[in-house]
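Heads up, protein25.cif below (mmCIF, N, CA and C atoms):
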data_start
#
loop_
_atom_site.label_atom_id
_atom_site.label_comp_id
_atom_site.auth_asym_id
_atom_site.auth_seq_id
_atom_site.Cartn_x
_atom_site.Cartn_y
_atom_site.Cartn_z
N MET A 1 94.27 173.71 129.40
CA MET A 1 95.65 173.40 129.68
C MET A 1 95.84 173.28 131.18
N ILE A 2 96.67 172.35 131.55
CA ILE A 2 96.99 172.19 132.97
C ILE A 2 98.50 172.27 133.15
N LYS A 3 98.89 172.66 134.32
CA LYS A 3 100.30 172.78 134.65
C LYS A 3 100.72 171.50 135.36
N VAL A 4 101.75 170.81 134.84
CA VAL A 4 102.24 169.58 135.44
C VAL A 4 103.73 169.71 135.71
N TYR A 5 104.19 168.98 136.72
CA TYR A 5 105.60 169.02 137.06
C TYR A 5 106.31 167.85 136.41
N ASN A 6 107.34 168.13 135.62
CA ASN A 6 108.15 167.12 134.96
C ASN A 6 109.32 166.81 135.89
N ARG A 7 109.29 165.63 136.50
CA ARG A 7 110.33 165.27 137.48
C ARG A 7 111.69 165.10 136.84
N THR A 8 111.73 164.66 135.60
CA THR A 8 113.01 164.47 134.92
C THR A 8 113.69 165.81 134.67
N LYS A 9 112.92 166.76 134.15
CA LYS A 9 113.47 168.08 133.84
C LYS A 9 113.49 169.01 135.05
N LYS A 10 112.76 168.63 136.09
CA LYS A 10 112.62 169.42 137.32
C LYS A 10 112.07 170.81 137.03
N GLU A 11 111.00 170.82 136.23
CA GLU A 11 110.34 172.08 135.90
C GLU A 11 108.88 171.82 135.57
N TYR A 12 108.09 172.89 135.61
CA TYR A 12 106.68 172.79 135.26
C TYR A 12 106.51 172.92 133.75
N GLU A 13 105.52 172.19 133.22
CA GLU A 13 105.18 172.26 131.81
C GLU A 13 103.67 172.43 131.70
N VAL A 14 103.23 172.96 130.60
CA VAL A 14 101.80 173.11 130.35
C VAL A 14 101.37 171.99 129.40
N GLU A 15 100.33 171.28 129.79
CA GLU A 15 99.83 170.16 129.00
C GLU A 15 98.48 170.51 128.40
N ASN A 16 98.32 170.21 127.13
CA ASN A 16 97.05 170.46 126.44
C ASN A 16 96.04 169.41 126.89
N VAL A 17 94.85 169.84 127.28
CA VAL A 17 93.83 168.95 127.81
C VAL A 17 92.58 169.00 126.93
N ALA A 18 92.01 167.83 126.65
CA ALA A 18 90.79 167.76 125.86
C ALA A 18 89.67 168.52 126.57
N GLY A 19 88.98 169.37 125.85
CA GLY A 19 87.86 170.11 126.41
C GLY A 19 88.27 171.24 127.32
N ASN A 20 89.48 171.74 127.17
CA ASN A 20 90.01 172.77 128.07
C ASN A 20 89.10 173.99 128.18
N SER A 21 88.64 174.53 127.06
CA SER A 21 87.82 175.75 127.11
C SER A 21 86.49 175.48 127.81
N VAL A 22 85.93 174.30 127.60
CA VAL A 22 84.67 173.94 128.27
C VAL A 22 84.91 173.79 129.77
N LEU A 23 86.00 173.13 130.14
CA LEU A 23 86.31 172.95 131.55
C LEU A 23 86.53 174.29 132.25
N ASN A 24 87.25 175.19 131.60
CA ASN A 24 87.47 176.52 132.18
C ASN A 24 86.15 177.25 132.38
N ALA A 25 85.25 177.17 131.40
CA ALA A 25 83.95 177.83 131.53
C ALA A 25 83.12 177.21 132.64
N LEU A 26 83.17 175.89 132.77
CA LEU A 26 82.39 175.20 133.81
C LEU A 26 82.89 175.50 135.22
N TYR A 27 84.18 175.53 135.40
CA TYR A 27 84.71 175.67 136.75
C TYR A 27 85.07 177.10 137.14
N ASN A 28 85.20 177.99 136.18
CA ASN A 28 85.67 179.34 136.49
C ASN A 28 84.65 180.44 136.28
N THR A 29 83.40 180.08 136.04
CA THR A 29 82.36 181.09 135.91
C THR A 29 81.15 180.66 136.74
N ALA A 30 80.38 181.62 137.20
CA ALA A 30 79.18 181.30 137.99
C ALA A 30 78.18 180.51 137.17
N HIS A 31 77.96 180.92 135.92
CA HIS A 31 77.01 180.19 135.06
C HIS A 31 77.50 178.77 134.80
N GLY A 32 78.80 178.64 134.62
CA GLY A 32 79.39 177.33 134.37
C GLY A 32 79.22 176.39 135.55
N ARG A 33 79.47 176.91 136.75
CA ARG A 33 79.31 176.08 137.95
C ARG A 33 77.86 175.67 138.15
N LEU A 34 76.94 176.56 137.83
CA LEU A 34 75.51 176.23 137.93
C LEU A 34 75.17 175.12 136.93
N GLY A 35 75.63 175.26 135.70
CA GLY A 35 75.39 174.22 134.68
C GLY A 35 76.03 172.90 135.07
N LEU A 36 77.19 172.99 135.68
CA LEU A 36 77.90 171.79 136.13
C LEU A 36 77.05 171.03 137.15
N GLU A 37 76.50 171.76 138.10
CA GLU A 37 75.68 171.13 139.15
C GLU A 37 74.34 170.64 138.61
N LEU A 38 73.72 171.41 137.74
CA LEU A 38 72.38 171.05 137.27
C LEU A 38 72.37 170.00 136.16
N LEU A 39 73.40 170.00 135.31
CA LEU A 39 73.39 169.11 134.15
C LEU A 39 74.54 168.10 134.10
N ILE A 40 75.75 168.61 134.14
CA ILE A 40 76.93 167.80 133.86
C ILE A 40 77.17 166.71 134.89
N LYS A 41 76.94 166.99 136.14
CA LYS A 41 77.20 166.01 137.20
C LYS A 41 76.06 165.00 137.36
N ARG A 42 75.31 164.79 136.34
CA ARG A 42 74.17 163.88 136.38
C ARG A 42 74.44 162.64 135.54
N LYS A 43 73.89 161.53 135.98
CA LYS A 43 74.08 160.26 135.28
C LYS A 43 73.52 160.34 133.86
N LEU A 44 72.43 161.06 133.67
CA LEU A 44 71.81 161.17 132.34
C LEU A 44 72.78 161.80 131.34
N TYR A 45 73.48 162.86 131.74
CA TYR A 45 74.44 163.51 130.84
C TYR A 45 75.56 162.55 130.46
N SER A 46 76.06 161.83 131.44
CA SER A 46 77.12 160.86 131.19
C SER A 46 76.64 159.76 130.25
N SER A 47 75.43 159.30 130.45
CA SER A 47 74.86 158.26 129.60
C SER A 47 74.69 158.74 128.16
N ILE A 48 74.18 159.95 127.99
CA ILE A 48 73.99 160.52 126.65
C ILE A 48 75.34 160.70 125.96
N SER A 49 76.32 161.21 126.69
CA SER A 49 77.66 161.40 126.12
C SER A 49 78.26 160.07 125.70
N GLY A 50 78.08 159.05 126.53
CA GLY A 50 78.60 157.73 126.22
C GLY A 50 77.96 157.13 124.98
N VAL A 51 76.64 157.29 124.86
CA VAL A 51 75.93 156.78 123.68
C VAL A 51 76.42 157.50 122.43
N PHE A 52 76.58 158.82 122.52
CA PHE A 52 77.07 159.58 121.36
C PHE A 52 78.47 159.13 120.95
N CYS A 53 79.39 159.00 121.92
CA CYS A 53 80.77 158.64 121.61
C CYS A 53 80.90 157.19 121.12
N ASP A 54 79.89 156.38 121.34
CA ASP A 54 79.86 155.01 120.80
C ASP A 54 79.22 154.97 119.41
N SER A 55 78.60 156.07 118.99
CA SER A 55 77.87 156.08 117.72
C SER A 55 78.77 156.47 116.55
N LYS A 56 78.32 156.11 115.35
CA LYS A 56 79.05 156.47 114.12
C LYS A 56 79.12 157.98 113.94
N ARG A 57 78.16 158.71 114.47
CA ARG A 57 78.15 160.17 114.33
C ARG A 57 79.36 160.82 115.01
N SER A 58 79.92 160.16 115.98
CA SER A 58 81.07 160.73 116.71
C SER A 58 82.37 160.59 115.93
N ARG A 59 82.38 159.85 114.83
CA ARG A 59 83.59 159.65 114.04
C ARG A 59 84.19 160.97 113.58
N GLY A 60 83.35 161.98 113.37
CA GLY A 60 83.82 163.29 112.92
C GLY A 60 84.75 163.97 113.92
N LEU A 61 84.74 163.54 115.15
CA LEU A 61 85.60 164.14 116.18
C LEU A 61 87.03 163.64 116.11
N ILE A 62 87.23 162.47 115.51
CA ILE A 62 88.53 161.80 115.56
C ILE A 62 89.66 162.61 114.92
N LYS A 63 89.49 163.03 113.69
CA LYS A 63 90.58 163.73 113.00
C LYS A 63 90.94 165.04 113.68
N LYS A 64 89.94 165.76 114.14
CA LYS A 64 90.21 167.02 114.83
C LYS A 64 90.96 166.76 116.15
N PHE A 65 90.58 165.69 116.83
CA PHE A 65 91.26 165.33 118.08
C PHE A 65 92.72 164.98 117.82
N ILE A 66 92.97 164.21 116.75
CA ILE A 66 94.34 163.83 116.37
C ILE A 66 95.17 165.08 116.10
N GLU A 67 94.60 166.03 115.37
CA GLU A 67 95.32 167.28 115.06
C GLU A 67 95.57 168.11 116.31
N SER A 68 94.53 168.28 117.11
CA SER A 68 94.64 169.13 118.30
C SER A 68 95.66 168.62 119.31
N TYR A 69 95.73 167.30 119.46
CA TYR A 69 96.59 166.73 120.49
C TYR A 69 97.82 166.03 119.92
N LYS A 70 98.07 166.30 118.62
CA LYS A 70 99.29 165.83 117.95
C LYS A 70 99.56 164.34 118.21
N ILE A 71 98.56 163.54 117.96
CA ILE A 71 98.67 162.10 118.15
C ILE A 71 99.41 161.50 116.97
N ASN A 72 100.44 160.74 117.26
CA ASN A 72 101.28 160.13 116.24
C ASN A 72 100.59 158.87 115.71
N MET A 73 99.89 159.00 114.61
CA MET A 73 99.14 157.89 114.05
C MET A 73 100.04 156.89 113.33
N SER A 74 101.31 157.21 113.13
CA SER A 74 102.22 156.24 112.51
C SER A 74 102.48 155.07 113.47
N GLU A 75 102.17 155.24 114.75
CA GLU A 75 102.32 154.16 115.72
C GLU A 75 101.13 153.21 115.73
N CYS A 76 100.06 153.64 115.11
CA CYS A 76 98.80 152.89 115.13
C CYS A 76 98.75 151.89 113.97
N SER A 77 98.24 150.70 114.24
CA SER A 77 98.16 149.69 113.19
C SER A 77 96.91 149.85 112.32
N ASP A 78 95.98 150.70 112.74
CA ASP A 78 94.74 150.92 111.99
C ASP A 78 94.76 152.27 111.27
N ASP A 79 94.03 152.34 110.19
CA ASP A 79 93.86 153.58 109.45
C ASP A 79 92.83 154.45 110.18
N VAL A 80 92.98 155.75 110.14
CA VAL A 80 92.07 156.67 110.83
C VAL A 80 90.61 156.44 110.43
N ASP A 81 90.37 156.16 109.18
CA ASP A 81 89.00 155.98 108.70
C ASP A 81 88.40 154.63 109.08
N SER A 82 89.16 153.76 109.70
CA SER A 82 88.65 152.44 110.05
C SER A 82 87.89 152.42 111.38
N PHE A 83 87.99 153.49 112.17
CA PHE A 83 87.34 153.50 113.47
C PHE A 83 85.84 153.74 113.31
N ASN A 84 85.05 152.97 114.06
CA ASN A 84 83.59 153.07 113.98
C ASN A 84 83.03 154.20 114.81
N SER A 85 83.78 154.66 115.82
CA SER A 85 83.30 155.71 116.71
C SER A 85 84.49 156.37 117.41
N PHE A 86 84.20 157.47 118.10
CA PHE A 86 85.23 158.16 118.87
C PHE A 86 85.79 157.23 119.95
N ASN A 87 84.93 156.50 120.64
CA ASN A 87 85.39 155.57 121.66
C ASN A 87 86.24 154.45 121.06
N ASP A 88 85.88 154.00 119.87
CA ASP A 88 86.64 152.97 119.17
C ASP A 88 88.08 153.43 118.93
N PHE A 89 88.24 154.70 118.63
CA PHE A 89 89.56 155.29 118.42
C PHE A 89 90.43 155.17 119.68
N PHE A 90 89.82 155.27 120.85
CA PHE A 90 90.58 155.24 122.10
C PHE A 90 91.06 153.85 122.50
N VAL A 91 90.62 152.83 121.80
CA VAL A 91 91.13 151.49 122.07
C VAL A 91 91.87 150.96 120.84
N ARG A 92 92.51 151.89 120.12
CA ARG A 92 93.23 151.53 118.91
C ARG A 92 94.42 150.63 119.22
N LYS A 93 94.75 149.80 118.26
CA LYS A 93 95.88 148.89 118.41
C LYS A 93 97.15 149.57 117.91
N MET A 94 98.21 149.34 118.62
CA MET A 94 99.51 149.90 118.26
C MET A 94 100.29 148.87 117.45
N LYS A 95 101.20 149.36 116.62
CA LYS A 95 102.08 148.47 115.88
C LYS A 95 103.00 147.75 116.87
N PRO A 96 103.37 146.51 116.55
CA PRO A 96 104.26 145.77 117.47
C PRO A 96 105.55 146.55 117.75
N ASN A 97 105.98 146.51 119.00
CA ASN A 97 107.23 147.13 119.46
C ASN A 97 107.27 148.65 119.32
N THR A 98 106.10 149.27 119.15
CA THR A 98 106.04 150.73 119.04
C THR A 98 106.41 151.39 120.36
N ARG A 99 105.90 150.83 121.43
CA ARG A 99 106.16 151.37 122.77
C ARG A 99 106.62 150.24 123.68
N PRO A 100 107.87 149.86 123.55
CA PRO A 100 108.37 148.76 124.38
C PRO A 100 108.39 149.16 125.87
N PHE A 101 108.22 148.15 126.71
CA PHE A 101 108.30 148.42 128.14
C PHE A 101 109.07 147.30 128.82
N ASP A 102 109.63 147.62 129.95
CA ASP A 102 110.41 146.66 130.71
C ASP A 102 109.46 145.67 131.39
N LYS A 103 109.65 144.40 131.13
CA LYS A 103 108.75 143.37 131.67
C LYS A 103 109.17 142.88 133.06
N ASP A 104 110.22 143.46 133.58
CA ASP A 104 110.69 143.09 134.92
C ASP A 104 109.60 143.49 135.93
N PRO A 105 109.06 142.52 136.68
CA PRO A 105 107.97 142.84 137.63
C PRO A 105 108.41 143.75 138.77
N ASP A 106 109.70 143.92 138.98
CA ASP A 106 110.19 144.80 140.04
C ASP A 106 110.31 146.25 139.60
N LYS A 107 109.97 146.51 138.33
CA LYS A 107 110.04 147.87 137.82
C LYS A 107 108.66 148.35 137.42
N LEU A 108 108.45 149.62 137.58
CA LEU A 108 107.15 150.20 137.25
C LEU A 108 107.08 150.48 135.76
#
What do you get writing this file as structure tokens?
Amino acid sequence: MIKVYNRTKKEYEVENVAGNSVLNALYNTAHGRLGLELLIKRKLYSSISGVFCDSKRSRGLIKKFIESYKINMSECSDDVDSFNSFNDFFVRKMKPNTRPFDKDPDKL
């Protein structure tokens, strides 16, 4: 979890973050920091993680992720079981007009 400032409400809120317990262990313990330097910050680890998240074996992570982070799948045009991989889930298509935005180029 991370603490973020909500400018609209003018108060701090706690946001649920993917991998929070792992991140806390990596950054807040001596063993974690050592593992971070020796393994995690290496291109090989990133490559292996990327290959796994692109594989069909990673599909098992999707439903748990949806539950943990309360993702509203009613906005999605695809069925949960249609995703080929965890990474595939992250490029899901939304139903038309689910999240409208102002097209005025002068607005963010």
I need the output of the PyMOL selection byres ((chain A and resi 54) around 6.5) for this file as an mmCIF file with N, CA and C atoms, keeping the file's coordinate frame; which residues are they?
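Output (part.cif):
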data_model
loop_
_atom_site.group_PDB
_atom_site.id
_atom_site.type_symbol
_atom_site.label_atom_id
_atom_site.label_comp_id
_atom_site.auth_asym_id
_atom_site.auth_seq_id
_atom_site.Cartn_x
_atom_site.Cartn_y
_atom_site.Cartn_z
ATOM 1 N N SER A 49 76.320 161.210 126.690
ATOM 2 C CA SER A 49 77.660 161.400 126.120
ATOM 3 C C SER A 49 78.260 160.070 125.700
ATOM 4 N N GLY A 50 78.080 159.050 126.530
ATOM 5 C CA GLY A 50 78.600 157.730 126.220
ATOM 6 C C GLY A 50 77.960 157.130 124.980
ATOM 7 N N VAL A 51 76.640 157.290 124.860
ATOM 8 C CA VAL A 51 75.930 156.780 123.680
ATOM 9 C C VAL A 51 76.420 157.500 122.430
ATOM 10 N N PHE A 52 76.580 158.820 122.520
ATOM 11 C CA PHE A 52 77.070 159.580 121.360
ATOM 12 C C PHE A 52 78.470 159.130 120.950
ATOM 13 N N CYS A 53 79.390 159.000 121.920
ATOM 14 C CA CYS A 53 80.770 158.640 121.610
ATOM 15 C C CYS A 53 80.900 157.190 121.120
ATOM 16 N N SER A 55 78.600 156.070 118.990
ATOM 17 C CA SER A 55 77.870 156.080 117.720
ATOM 18 C C SER A 55 78.770 156.470 116.550
ATOM 19 N N LYS A 56 78.320 156.110 115.350
ATOM 20 C CA LYS A 56 79.050 156.470 114.120
ATOM 21 C C LYS A 56 79.120 157.980 113.940
ATOM 22 N N ARG A 57 78.160 158.710 114.470
ATOM 23 C CA ARG A 57 78.150 160.170 114.330
ATOM 24 C C ARG A 57 79.360 160.820 115.010
ATOM 25 N N SER A 58 79.920 160.160 115.980
ATOM 26 C CA SER A 58 81.070 160.730 116.710
ATOM 27 C C SER A 58 82.370 160.590 115.930
ATOM 28 N N ASN A 84 85.050 152.970 114.060
ATOM 29 C CA ASN A 84 83.590 153.070 113.980
ATOM 30 C C ASN A 84 83.030 154.200 114.810
ATOM 31 N N SER A 85 83.780 154.660 115.820
ATOM 32 C CA SER A 85 83.300 155.710 116.710
ATOM 33 C C SER A 85 84.490 156.370 117.410
ATOM 34 N N PHE A 86 84.200 157.470 118.100
ATOM 35 C CA PHE A 86 85.230 158.160 118.870
ATOM 36 C C PHE A 86 85.790 157.230 119.950
ATOM 37 N N ASN A 87 84.930 156.500 120.640
ATOM 38 C CA ASN A 87 85.390 155.570 121.660
ATOM 39 C C ASN A 87 86.240 154.450 121.060
ATOM 40 N N ASP A 88 85.880 154.000 119.870
ATOM 41 C CA ASP A 88 86.640 152.970 119.170
ATOM 42 C C ASP A 88 88.080 153.430 118.930
#
In chain A, what's helix (DSSP H, G or I) per DSSP? Answer as a CSV table (one decimal) with N, CA and C atoms, in the coordinates of the input?
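Final output, saved to result-v1.csv:
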chain,number,residue,atom,x,y,z
A,20,ASN,N,89.5,171.7,127.2
A,20,ASN,CA,90.0,172.8,128.1
A,20,ASN,C,89.1,174.0,128.2
A,21,SER,N,88.6,174.5,127.1
A,21,SER,CA,87.8,175.8,127.1
A,21,SER,C,86.5,175.5,127.8
A,22,VAL,N,85.9,174.3,127.6
A,22,VAL,CA,84.7,173.9,128.3
A,22,VAL,C,84.9,173.8,129.8
A,23,LEU,N,86.0,173.1,130.1
A,23,LEU,CA,86.3,173.0,131.6
A,23,LEU,C,86.5,174.3,132.2
A,24,ASN,N,87.2,175.2,131.6
A,24,ASN,CA,87.5,176.5,132.2
A,24,ASN,C,86.2,177.2,132.4
A,25,ALA,N,85.2,177.2,131.4
A,25,ALA,CA,84.0,177.8,131.5
A,25,ALA,C,83.1,177.2,132.6
A,26,LEU,N,83.2,175.9,132.8
A,26,LEU,CA,82.4,175.2,133.8
A,26,LEU,C,82.9,175.5,135.2
A,27,TYR,N,84.2,175.5,135.4
A,27,TYR,CA,84.7,175.7,136.8
A,27,TYR,C,85.1,177.1,137.1
A,28,ASN,N,85.2,178.0,136.2
A,28,ASN,CA,85.7,179.3,136.5
A,28,ASN,C,84.6,180.4,136.3
A,30,ALA,N,80.4,181.6,137.2
A,30,ALA,CA,79.2,181.3,138.0
A,30,ALA,C,78.2,180.5,137.2
A,31,HIS,N,78.0,180.9,135.9
A,31,HIS,CA,77.0,180.2,135.1
A,31,HIS,C,77.5,178.8,134.8
A,32,GLY,N,78.8,178.6,134.6
A,32,GLY,CA,79.4,177.3,134.4
A,32,GLY,C,79.2,176.4,135.6
A,33,ARG,N,79.5,176.9,136.8
A,33,ARG,CA,79.3,176.1,138.0
A,33,ARG,C,77.9,175.7,138.2
A,34,LEU,N,76.9,176.6,137.8
A,34,LEU,CA,75.5,176.2,137.9
A,34,LEU,C,75.2,175.1,136.9
A,35,GLY,N,75.6,175.3,135.7
A,35,GLY,CA,75.4,174.2,134.7
A,35,GLY,C,76.0,172.9,135.1
A,36,LEU,N,77.2,173.0,135.7
A,36,LEU,CA,77.9,171.8,136.1
A,36,LEU,C,77.0,171.0,137.2
A,37,GLU,N,76.5,171.8,138.1
A,37,GLU,CA,75.7,171.1,139.2
A,37,GLU,C,74.3,170.6,138.6
A,38,LEU,N,73.7,171.4,137.7
A,38,LEU,CA,72.4,171.0,137.3
A,38,LEU,C,72.4,170.0,136.2
A,39,LEU,N,73.4,170.0,135.3
A,39,LEU,CA,73.4,169.1,134.2
A,39,LEU,C,74.5,168.1,134.1
A,40,ILE,N,75.8,168.6,134.1
A,40,ILE,CA,76.9,167.8,133.9
A,40,ILE,C,77.2,166.7,134.9
A,43,LYS,N,73.9,161.5,136.0
A,43,LYS,CA,74.1,160.3,135.3
A,43,LYS,C,73.5,160.3,133.9
A,44,LEU,N,72.4,161.1,133.7
A,44,LEU,CA,71.8,161.2,132.3
A,44,LEU,C,72.8,161.8,131.3
A,45,TYR,N,73.5,162.9,131.7
A,45,TYR,CA,74.4,163.5,130.8
A,45,TYR,C,75.6,162.6,130.5
A,46,SER,N,76.1,161.8,131.4
A,46,SER,CA,77.1,160.9,131.2
A,46,SER,C,76.6,159.8,130.2
A,47,SER,N,75.4,159.3,130.4
A,47,SER,CA,74.9,158.3,129.6
A,47,SER,C,74.7,158.7,128.2
A,48,ILE,N,74.2,160.0,128.0
A,48,ILE,CA,74.0,160.5,126.6
A,48,ILE,C,75.3,160.7,126.0
A,49,SER,N,76.3,161.2,126.7
A,49,SER,CA,77.7,161.4,126.1
A,49,SER,C,78.3,160.1,125.7
A,50,GLY,N,78.1,159.0,126.5
A,50,GLY,CA,78.6,157.7,126.2
A,50,GLY,C,78.0,157.1,125.0
A,51,VAL,N,76.6,157.3,124.9
A,51,VAL,CA,75.9,156.8,123.7
A,51,VAL,C,76.4,157.5,122.4
A,52,PHE,N,76.6,158.8,122.5
A,52,PHE,CA,77.1,159.6,121.4
A,52,PHE,C,78.5,159.1,121.0
A,53,CYS,N,79.4,159.0,121.9
A,53,CYS,CA,80.8,158.6,121.6
A,53,CYS,C,80.9,157.2,121.1
A,54,ASP,N,79.9,156.4,121.3
A,54,ASP,CA,79.9,155.0,120.8
A,54,ASP,C,79.2,155.0,119.4
A,56,LYS,N,78.3,156.1,115.4
A,56,LYS,CA,79.0,156.5,114.1
A,56,LYS,C,79.1,158.0,113.9
A,57,ARG,N,78.2,158.7,114.5
A,57,ARG,CA,78.2,160.2,114.3
A,57,ARG,C,79.4,160.8,115.0
A,58,SER,N,79.9,160.2,116.0
A,58,SER,CA,81.1,160.7,116.7
A,58,SER,C,82.4,160.6,115.9
A,59,ARG,N,82.4,159.8,114.8
A,59,ARG,CA,83.6,159.6,114.0
A,59,ARG,C,84.2,161.0,113.6
A,60,GLY,N,83.4,162.0,113.4
A,60,GLY,CA,83.8,163.3,112.9
A,60,GLY,C,84.8,164.0,113.9
A,61,LEU,N,84.7,163.5,115.2
A,61,LEU,CA,85.6,164.1,116.2
A,61,LEU,C,87.0,163.6,116.1
A,62,ILE,N,87.2,162.5,115.5
A,62,ILE,CA,88.5,161.8,115.6
A,62,ILE,C,89.7,162.6,114.9
A,63,LYS,N,89.5,163.0,113.7
A,63,LYS,CA,90.6,163.7,113.0
A,63,LYS,C,90.9,165.0,113.7
A,64,LYS,N,89.9,165.8,114.1
A,64,LYS,CA,90.2,167.0,114.8
A,64,LYS,C,91.0,166.8,116.2
A,65,PHE,N,90.6,165.7,116.8
A,65,PHE,CA,91.3,165.3,118.1
A,65,PHE,C,92.7,165.0,117.8
A,66,ILE,N,93.0,164.2,116.8
A,66,ILE,CA,94.3,163.8,116.4
A,66,ILE,C,95.2,165.1,116.1
A,67,GLU,N,94.6,166.0,115.4
A,67,GLU,CA,95.3,167.3,115.1
A,67,GLU,C,95.6,168.1,116.3
A,68,SER,N,94.5,168.3,117.1
A,68,SER,CA,94.6,169.1,118.3
A,68,SER,C,95.7,168.6,119.3
A,73,MET,N,99.9,159.0,114.6
A,73,MET,CA,99.1,157.9,114.0
A,73,MET,C,100.0,156.9,113.3
A,74,SER,N,101.3,157.2,113.1
A,74,SER,CA,102.2,156.2,112.5
A,74,SER,C,102.5,155.1,113.5
A,75,GLU,N,102.2,155.2,114.8
A,75,GLU,CA,102.3,154.2,115.7
A,75,GLU,C,101.1,153.2,115.7
A,80,VAL,N,93.0,155.8,110.1
A,80,VAL,CA,92.1,156.7,110.8
A,80,VAL,C,90.6,156.4,110.4
A,81,ASP,N,90.4,156.2,109.2
A,81,ASP,CA,89.0,156.0,108.7
A,81,ASP,C,88.4,154.6,109.1
A,82,SER,N,89.2,153.8,109.7
A,82,SER,CA,88.6,152.4,110.0
A,82,SER,C,87.9,152.4,111.4
A,86,PHE,N,84.2,157.5,118.1
A,86,PHE,CA,85.2,158.2,118.9
A,86,PHE,C,85.8,157.2,120.0
A,87,ASN,N,84.9,156.5,120.6
A,87,ASN,CA,85.4,155.6,121.7
A,87,ASN,C,86.2,154.4,121.1
A,88,ASP,N,85.9,154.0,119.9
A,88,ASP,CA,86.6,153.0,119.2
A,88,ASP,C,88.1,153.4,118.9
A,89,PHE,N,88.2,154.7,118.6
A,89,PHE,CA,89.6,155.3,118.4
A,89,PHE,C,90.4,155.2,119.7
If you run DSSP on the backbone here, which positions in chain A get strand (DSSP E)? Please write them as number ranges by chain.
A: 2-6, 11-15
Each segment 43-76 of chain A residue no farther than 8 Å from segment 96-100 of chain A, nearest pair in Å, only N, CA and C atoms, as a tab-separated table:
residue	atom	partner	partner_atom	distance
A:Ser74	C	A:Thr98	CA	7.9
A:Glu75	CA	A:Thr98	CA	6.1
A:Cys76	C	A:Pro96	N	7.5
Output of the PyMOL selection byres ((chain A and resi 13) around 6.5), listed as a ChimeraX atom specification:
/A:2-6,11-12,14-15
Each residue of segment 34-99 of chain A with at least one atom at most 6.5 Å from segment 25-30 of chain A should appear once, together with its nearest atom pair and the corresponding distance in Å (one decimal); atoms considered: only N, CA and C atoms; ordering: chain, then increasing residue number; output as a tab-separated table.
residue	atom	partner	partner_atom	distance
A:Leu34	N	A:Ala30	C	4.2
A:Gly35	N	A:Ala30	C	6.0
A:Leu36	N	A:Leu26	CA	6.0
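A straight line drawn from atom C of Lys93 of chain A to atom CA of Asp81 of chain A is 13.9 Å long.
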Output the residue selection produced by the PyMOL selection byres (((chain A and resi 63 and name CA) around 12) and name CA) on the file above, formatted as a PyMOL selection string.
chain A and resi 58-62+64-73+79-83+85-86+89
Atom N of Met94 of chain A to atom C of Ser77 of chain A measures 6.5 Å
Could you check how far atom N of Lys41 of chain A sits from atom N of Leu23 of chain A, in Å to one decimal?
12.5 Å
Completion step: segment 63-72 of chain A with N, CA, C and O atoms as a PDB file, in the frame of the given file:
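Wrote it out as result-v2.pdb, contents follow:
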ATOM      1  N   LYS A  63      89.490 163.030 113.690  1.00  0.00           N
ATOM      2  CA  LYS A  63      90.580 163.730 113.000  1.00  0.00           C
ATOM      3  C   LYS A  63      90.940 165.040 113.680  1.00  0.00           C
ATOM      4  O   LYS A  63      92.113 165.381 113.808  1.00  0.00           O
ATOM      5  N   LYS A  64      89.940 165.760 114.140  1.00  0.00           N
ATOM      6  CA  LYS A  64      90.210 167.020 114.830  1.00  0.00           C
ATOM      7  C   LYS A  64      90.960 166.760 116.150  1.00  0.00           C
ATOM      8  O   LYS A  64      91.884 167.496 116.508  1.00  0.00           O
ATOM      9  N   PHE A  65      90.580 165.690 116.830  1.00  0.00           N
ATOM     10  CA  PHE A  65      91.260 165.330 118.080  1.00  0.00           C
ATOM     11  C   PHE A  65      92.720 164.980 117.820  1.00  0.00           C
ATOM     12  O   PHE A  65      93.619 165.407 118.545  1.00  0.00           O
ATOM     13  N   ILE A  66      92.970 164.210 116.750  1.00  0.00           N
ATOM     14  CA  ILE A  66      94.340 163.830 116.370  1.00  0.00           C
ATOM     15  C   ILE A  66      95.170 165.080 116.100  1.00  0.00           C
ATOM     16  O   ILE A  66      96.313 165.186 116.565  1.00  0.00           O
ATOM     17  N   GLU A  67      94.600 166.030 115.370  1.00  0.00           N
ATOM     18  CA  GLU A  67      95.320 167.280 115.060  1.00  0.00           C
ATOM     19  C   GLU A  67      95.570 168.110 116.310  1.00  0.00           C
ATOM     20  O   GLU A  67      96.670 168.584 116.538  1.00  0.00           O
ATOM     21  N   SER A  68      94.530 168.280 117.110  1.00  0.00           N
ATOM     22  CA  SER A  68      94.640 169.130 118.300  1.00  0.00           C
ATOM     23  C   SER A  68      95.660 168.620 119.310  1.00  0.00           C
ATOM     24  O   SER A  68      96.350 169.396 119.949  1.00  0.00           O
ATOM     25  N   TYR A  69      95.730 167.300 119.460  1.00  0.00           N
ATOM     26  CA  TYR A  69      96.590 166.730 120.490  1.00  0.00           C
ATOM     27  C   TYR A  69      97.820 166.030 119.920  1.00  0.00           C
ATOM     28  O   TYR A  69      98.517 165.312 120.618  1.00  0.00           O
ATOM     29  N   LYS A  70      98.070 166.300 118.620  1.00  0.00           N
ATOM     30  CA  LYS A  70      99.290 165.830 117.950  1.00  0.00           C
ATOM     31  C   LYS A  70      99.560 164.340 118.210  1.00  0.00           C
ATOM     32  O   LYS A  70     100.649 163.940 118.621  1.00  0.00           O
ATOM     33  N   ILE A  71      98.560 163.540 117.960  1.00  0.00           N
ATOM     34  CA  ILE A  71      98.670 162.100 118.150  1.00  0.00           C
ATOM     35  C   ILE A  71      99.410 161.500 116.970  1.00  0.00           C
ATOM     36  O   ILE A  71      99.066 161.740 115.816  1.00  0.00           O
ATOM     37  N   ASN A  72     100.440 160.740 117.260  1.00  0.00           N
ATOM     38  CA  ASN A  72     101.280 160.130 116.240  1.00  0.00           C
ATOM     39  C   ASN A  72     100.590 158.870 115.710  1.00  0.00           C
ATOM     40  O   ASN A  72     100.696 157.793 116.291  1.00  0.00           O
TER      41      ASN A  72
END
